[in-house]
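Enquirer: My questions all concern the structure below.
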Amino acid sequence: MEKLLKAALILSLLGIFLLLLLSSALKNTPSSINEAKELPEYEKVRVQGKILTLREASPNFFILKVADNTGNISVTLNSKKSLLKQKSFQEKSLVEIRGKISFYKNETQINADKIILLEDAA
Amino acid sequence: MLLEILLAIILGVILGTITGITPGIHINLVSALLLATTASFILEIPNIVLITFLISIAITHTFVDFIPSIFLGAPDEDNFLSILPGHQMLIQGKGFTAVILTAYGGLIALVLFLILIPFFIFILPTIYPYVQRIMIFILLTTCFFLIYFEKNNRLFAFLIFILSGFLGLATFNLPLKENLLPLFTGLFGISSLLTSIIKKQTLPSQTILALREIKVEKSSLKKSILASIIASPLCSFLPGLGSGQAAVIGSEVVGELNQKEFLILLGIVNTLVTSLSFLTLYSIDKARTGVAVAVGKLLELQSSDIIIIVFIILISGILAFLLTIKIARVFSKIINKINYRKLSLIILILLVLIVIYFSGWLGLLVSLISSSLGLACILLGIRRTHLMGCLLIPALLFYI
């Protein structure tokens with residue numbers, strides 16, 4: 001049993017390290033917006049693009065239109081942190097969106113879990 | 001409409017029974033799959049009938065899923081703790097009693113649910129913003145107590161907790177479908193099955209008692225109920241906290257619980273957390289279970305819907321209780337006639353196939369690594385709740 005415990009612990013340590021490496025390697029390849037639109041609902045997605053429009057549709061609920069050179073997509077964000085108060089998030093800011101694909105009124109959109117500012121609006 | 005709702009309840013109970021007795025399948029996965037399929041081709045069905053169907057499945061699942069966790073050692077993340085006292089009773093030939101105790105818990109949960117409705121509808125919306133502000137401290141305290149309550153070895157508990165956290169962080173950042181499935185299948189399902197296979201577990205014949213012979217003392221009931229009242233609301237507030245961890249916290253607060261009391265507590269918490277999640281969806285717009293997320297996507301809940309939901313929960317719960325007794329009786333009769341080691345192996349292969357089907361080969365890798373961590377936790381002889389660092393640490397980092 002002691003040998004088995006040692007093996008299990010070593011496999012866990014090495015495996016977790018491998019998964020961390022894999023997650024950081026696979027993270028470095030965001031989808032294009034066009035590719036994201038082809039994904040099924042609830043699929044996790046990561047895209048980068050410029051904010052075309054940004055509005056607070058209701059308190060703490062934001063709707064953004066984000067575009068890259070392949071197309072544009074609507075992004076919704078339920079956030080307790082007001083995006084509008086963070087002046088760096090403006091139209092034309094380059095952002096990375098992480099979230100899940102959803103369909104609303106026959107249109108593909110992203111329900112964002114996180115929006116990261118990559119570059120301020122020019 | 002009433003007829004359609006009743007029909008949806010019956011169909012939901014049947015499907016919930018099937019998903020419940022299928023080893024390793026969590027209700028969140030079932031909800032996501034159902035939502036995906038119903039949205040695509042059953043558009044003519046009114047949303048209230050669809051949510052009736054979903055809620056009936058979920059409530060039935062919370063009763064029935066103790067059967068595979070106790071008899072087959074294949075739990076999901078909400079009832080993984082039942083494998084410990086439940087498995088001990090199974091080895092003593094009391095598997096049937098163990099399942100019935102969790103079903104009693106489920107039945108008590110229905111009563112507690114009715115009692116807690118006013119709190120969740122009228123008081124929760126007022127206090128929730130304050131709770132959110134101190135969420136990080138509540139999470140930190142929860143993590144501290146989970147490790148502090150470990151009686152065998154706190155250092156190992158801390159190590160397993162941290163490793164689970166890293167495992168969770170890595171898994172959530174991988175491009176995986178249904179990332180909780182391989183993670184929990186490995187941590188709690190495959191590791192338990194491997195233990196049974198390694199130990200060459202055999203089972204004695206199971207005693208099937210009449211319900212009136214399965215007695216629970218009033219003081220035991222009181223302790224379990226008090227622990228569940230402490231535990232269940234925690235799941236409504238705290239991200240990353242499943243009913244299993246909440247049950248541990250509840251049980252530690254009220255004092256040491258014996259096997260029976262702990263199984264009743266788990267039964268209560270499992271059903272109560274799912275039932276309350278529909279109330280939190282309505283009152284604070286937070287869907288804390290997969291099925292509540294699905295319901296929230298289908299319908300913006302109004303107060304009139306809550307009355308229907310309460311009705312659905314009660315009817316499905318009572319039907320599920322009766323079905324659980326019948327199925328547990330069948331399992332008790334056949335379990336010692338089959339080769340338990342071979343059965344564990346078959347279930348293990350089934351779980352691996354489920355993981356590959358839903359989460360792909362990357363999911364299988366996650367399951368393999370999670371299994372080794374789960375196995376290490378079992379072999380170290382410490383509580384398996386520490387493995388929930390895989391949810392608690394990512395949740396903590398989200399709030400920092």
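Residues are named by chain letter and number: chains run A, B, ... in the order of the structure tokens, numbers start at 1 in each chain, and ligands are numbered from 1 in the order shown.
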Any chance you could tabulate, as a tab-separated table, the residues of chain A at most 7 Å from chain B with each one's nearest atom pair and distance in Å to one decimal, using only C-alpha atoms, in chain and rising number order?

Expert:
residue	atom	partner	partner_atom	distance
A:Leu5	CA	B:Ala376	CA	5.5
A:Ala8	CA	B:Ser372	CA	4.7
A:Leu9	CA	B:Ala376	CA	5.9
A:Leu11	CA	B:Ser372	CA	6.4
A:Ser12	CA	B:Leu373	CA	5.3
A:Gly15	CA	B:Ile369	CA	5.5
A:Ile16	CA	B:Leu167	CA	5.5
A:Leu19	CA	B:Ala170	CA	5.6
A:Leu20	CA	B:Ala170	CA	4.8
A:Ser23	CA	B:Leu174	CA	4.8
A:Leu26	CA	B:Leu174	CA	6.9
A:Glu43	CA	B:Lys177	CA	6.8
A:Lys44	CA	B:Pro175	CA	6.8

Enquirer: Extract, using only C-alpha atoms, all DNA, RNA and protein residues at most 7 Å from Val66 of chain A, discarding same-chain residues fewer than 2 positions from it, and format them as a PyMOL selection string.

Expert: chain A and resi 49-52+64+72-74

Enquirer: Just to be explicit: take each residue in the selection above, keep C-alpha atoms, and write the result as a CSV table (one decimal), in the first residue's frame.

Expert:
chain,number,residue,atom,x,y,z
A,49,GLY,CA,-11.0,41.8,-30.7
A,50,LYS,CA,-11.8,45.5,-30.5
A,51,ILE,CA,-14.9,46.8,-28.7
A,52,LEU,CA,-17.2,48.4,-31.3
A,64,LEU,CA,-20.6,44.7,-26.0
A,72,ASN,CA,-18.1,40.6,-35.0
A,73,ILE,CA,-20.0,39.1,-32.1
A,74,SER,CA,-22.2,40.3,-29.3

Enquirer: Could you tell me which of A:Lys100, A:Lys65, A:Lys6, A:Lys105 comes closest to Leu39 of chain A if we count only C-alpha atoms?

Expert: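 Smallest distance to Leu39 of chain A is found for A:Lys100.
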
Enquirer: Residues near Ile346 of chain B, anyone? I mean within 12 Å using only C-alpha atoms, not counting same-chain ones fewer than 6 positions away, as a PyMOL selection string.

Expert: chain B and resi 23+72+74+190+193-194+197+338-340+352-353

Enquirer: Please save C-alpha atoms of the selected residues as a PDB file, in the first residue's frame.

Expert:
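Generated file (out19.pdb):
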ATOM      1  CA  PRO B  23     -23.018   5.558 -11.795  1.00  0.00           C
ATOM      2  CA  LEU B  72     -21.364   0.510  -6.237  1.00  0.00           C
ATOM      3  CA  ALA B  74     -19.514   5.328  -7.716  1.00  0.00           C
ATOM      4  CA  ILE B 190     -12.600   5.998 -10.220  1.00  0.00           C
ATOM      5  CA  LEU B 193     -13.611   1.832  -7.572  1.00  0.00           C
ATOM      6  CA  LEU B 194      -9.848   1.276  -7.795  1.00  0.00           C
ATOM      7  CA  ILE B 197     -10.699  -3.610  -6.973  1.00  0.00           C
ATOM      8  CA  ILE B 338     -22.563 -10.740  -8.272  1.00  0.00           C
ATOM      9  CA  ASN B 339     -18.791 -10.531  -8.283  1.00  0.00           C
ATOM     10  CA  TYR B 340     -18.290  -7.099  -6.731  1.00  0.00           C
ATOM     11  CA  VAL B 352     -14.025   5.959 -18.531  1.00  0.00           C
ATOM     12  CA  LEU B 353     -16.242   5.646 -21.628  1.00  0.00           C
TER      13      LEU B 353
END

Enquirer: If we count only C-alpha atoms, what is near segment 247-251 of chain B at a cut-off of 9 Å, once residues fewer than 5 positions away on the same chain are taken out, given as a PDB file with N, CA and C atoms, in the first residue's frame?

Expert:
ATOM      1  N   LEU B  81     -19.492  11.836  -0.109  1.00  0.00           N
ATOM      2  CA  LEU B  81     -19.232  11.520   1.294  1.00  0.00           C
ATOM      3  C   LEU B  81     -20.007  10.307   1.758  1.00  0.00           C
ATOM      4  N   THR B 142     -14.091  28.946   5.510  1.00  0.00           N
ATOM      5  CA  THR B 142     -14.547  27.598   5.153  1.00  0.00           C
ATOM      6  C   THR B 142     -13.347  26.686   4.886  1.00  0.00           C
ATOM      7  N   PHE B 145     -11.544  25.851   8.158  1.00  0.00           N
ATOM      8  CA  PHE B 145     -12.236  24.873   9.006  1.00  0.00           C
ATOM      9  C   PHE B 145     -12.232  23.468   8.401  1.00  0.00           C
ATOM     10  N   LEU B 146     -12.311  23.389   7.070  1.00  0.00           N
ATOM     11  CA  LEU B 146     -12.282  22.060   6.439  1.00  0.00           C
ATOM     12  C   LEU B 146     -10.989  21.340   6.793  1.00  0.00           C
ATOM     13  N   PHE B 149     -10.697  20.728  10.818  1.00  0.00           N
ATOM     14  CA  PHE B 149     -11.522  19.638  11.340  1.00  0.00           C
ATOM     15  C   PHE B 149     -10.952  18.251  11.017  1.00  0.00           C
ATOM     16  N   LYS B 223     -30.252  16.436  15.583  1.00  0.00           N
ATOM     17  CA  LYS B 223     -28.868  16.807  15.236  1.00  0.00           C
ATOM     18  C   LYS B 223     -28.690  16.945  13.726  1.00  0.00           C
ATOM     19  N   SER B 224     -29.246  15.953  12.987  1.00  0.00           N
ATOM     20  CA  SER B 224     -29.099  15.980  11.523  1.00  0.00           C
ATOM     21  C   SER B 224     -29.815  17.196  10.936  1.00  0.00           C
ATOM     22  N   LEU B 226     -30.551  20.058  12.453  1.00  0.00           N
ATOM     23  CA  LEU B 226     -29.846  21.291  12.817  1.00  0.00           C
ATOM     24  C   LEU B 226     -28.609  21.474  11.922  1.00  0.00           C
ATOM     25  N   ALA B 227     -27.861  20.375  11.725  1.00  0.00           N
ATOM     26  CA  ALA B 227     -26.660  20.462  10.875  1.00  0.00           C
ATOM     27  C   ALA B 227     -27.040  20.840   9.446  1.00  0.00           C
ATOM     28  N   SER B 228     -28.160  20.302   8.963  1.00  0.00           N
ATOM     29  CA  SER B 228     -28.563  20.592   7.574  1.00  0.00           C
ATOM     30  C   SER B 228     -29.029  22.031   7.432  1.00  0.00           C
ATOM     31  N   ILE B 229     -29.648  22.580   8.495  1.00  0.00           N
ATOM     32  CA  ILE B 229     -30.098  23.982   8.418  1.00  0.00           C
ATOM     33  C   ILE B 229     -28.884  24.912   8.382  1.00  0.00           C
ATOM     34  N   ILE B 230     -27.807  24.495   9.038  1.00  0.00           N
ATOM     35  CA  ILE B 230     -26.563  25.287   8.982  1.00  0.00           C
ATOM     36  C   ILE B 230     -25.911  25.091   7.611  1.00  0.00           C
ATOM     37  N   ALA B 231     -25.930  23.829   7.141  1.00  0.00           N
ATOM     38  CA  ALA B 231     -25.167  23.484   5.932  1.00  0.00           C
ATOM     39  C   ALA B 231     -25.813  23.975   4.642  1.00  0.00           C
ATOM     40  N   SER B 232     -27.106  23.740   4.495  1.00  0.00           N
ATOM     41  CA  SER B 232     -27.740  23.961   3.187  1.00  0.00           C
ATOM     42  C   SER B 232     -27.677  25.403   2.691  1.00  0.00           C
ATOM     43  N   GLY B 242     -19.946  22.503  -2.420  1.00  0.00           N
ATOM     44  CA  GLY B 242     -20.972  21.523  -2.758  1.00  0.00           C
ATOM     45  C   GLY B 242     -21.682  21.072  -1.497  1.00  0.00           C
ATOM     46  N   GLU B 256     -19.955  15.729  16.747  1.00  0.00           N
ATOM     47  CA  GLU B 256     -19.733  14.468  16.022  1.00  0.00           C
ATOM     48  C   GLU B 256     -21.045  13.758  15.693  1.00  0.00           C
ATOM     49  N   LEU B 257     -21.227  13.401  14.431  1.00  0.00           N
ATOM     50  CA  LEU B 257     -22.434  12.662  14.044  1.00  0.00           C
ATOM     51  C   LEU B 257     -22.066  11.197  13.839  1.00  0.00           C
ATOM     52  N   PHE B 262     -25.183  11.001   9.985  1.00  0.00           N
ATOM     53  CA  PHE B 262     -24.483  11.609   8.854  1.00  0.00           C
ATOM     54  C   PHE B 262     -25.183  11.280   7.530  1.00  0.00           C
ATOM     55  N   LEU B 265     -28.212  13.380   7.308  1.00  0.00           N
ATOM     56  CA  LEU B 265     -27.780  14.747   6.985  1.00  0.00           C
ATOM     57  C   LEU B 265     -27.482  14.885   5.490  1.00  0.00           C
ATOM     58  N   LEU B 266     -26.751  13.931   4.924  1.00  0.00           N
ATOM     59  CA  LEU B 266     -26.413  14.002   3.496  1.00  0.00           C
ATOM     60  C   LEU B 266     -27.676  13.958   2.632  1.00  0.00           C
ATOM     61  N   VAL B 269     -29.337  17.414   2.921  1.00  0.00           N
ATOM     62  CA  VAL B 269     -28.604  18.487   2.234  1.00  0.00           C
ATOM     63  C   VAL B 269     -28.694  18.328   0.716  1.00  0.00           C
ATOM     64  N   THR B 385     -13.179  15.355   1.564  1.00  0.00           N
ATOM     65  CA  THR B 385     -13.666  16.732   1.330  1.00  0.00           C
ATOM     66  C   THR B 385     -12.511  17.652   0.953  1.00  0.00           C
TER      67      THR B 385
END

Enquirer: Find the spatial neighbours of segment 284-287 of chain B, counting only C-alpha atoms, within a cut-off of 12 Å - ignore same-chain residues fewer than 6 positions away - and output them as a PyMOL selection string.

Expert: (chain A and resi 78) or (chain B and resi 28+120-129+131-132+235-239+273-278+293-297+299-302)

Enquirer: Find, counting only C-alpha atoms, the residue in B:Ser344, B:Ser332, B:Asn179, B:Ser367 that gets nearest to Tyr42 of chain A.

Expert: B:Asn179

Enquirer: From the set B:Ile306, B:Val49, B:Val291, B:Ala98, which residue has the shortest atom-to-atom contact distance to Ile117 of chain B, counting only C-alpha atoms?

Expert: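 Between B:Ile306, B:Val49, B:Val291, B:Ala98, the residue approaching Ile117 of chain B most closely is B:Ile306.
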
Enquirer: Counting only C-alpha atoms, which of B:Lys342, B:Lys151, B:Arg288, B:Lys326 gets nearest to Phe96 of chain B?

Expert: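 Nearest candidate to Phe96 of chain B out of B:Lys342, B:Lys151, B:Arg288, B:Lys326: B:Lys326.
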
Enquirer: Give the helix (DSSP H, G or I) residues of chain A, as DSSP finds them on the backbone, and put them as a ChimeraX atom specification.

Expert: /A:2-27,33-37

Enquirer: Kindly give the distance, in Å, that separates atom CA of Glu261 of chain B and atom CA of Lys215 of chain B, rounded to a single decimal.

Expert: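 Separation between atom CA of Glu261 of chain B and atom CA of Lys215 of chain B: 11.4 Å.
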
Enquirer: Just the residues within 7 Å of segment 91-93 of chain A, please, counting only C-alpha atoms, with nothing from its chain fewer than 2 positions along; format it as a PyMOL selection string.

Expert: chain A and resi 50-54+89+95+119-122

Enquirer: How far is it from atom CA of Ser32 of chain A to atom CA of Val47 of chain A, in Å with one decimal?

Expert: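 Answer for the atom CA of Ser32 of chain A to atom CA of Val47 of chain A separation: 6.0 Å.
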
Enquirer: List the neighbours of Gly99 of chain A out to 7 Å using only C-alpha atoms; skip same-chain residues closer than 3 positions along the sequence, and give me the result as a ChimeraX atom specification.

Expert: /A:44-46,110-114

Enquirer: DSSP on the backbone, then: every residue of chain A marked strand (DSSP E or B), written as an NGL selection string.

Expert: :A and (31 or 44-58 or 61-68 or 71-78 or 94-104 or 107-119)
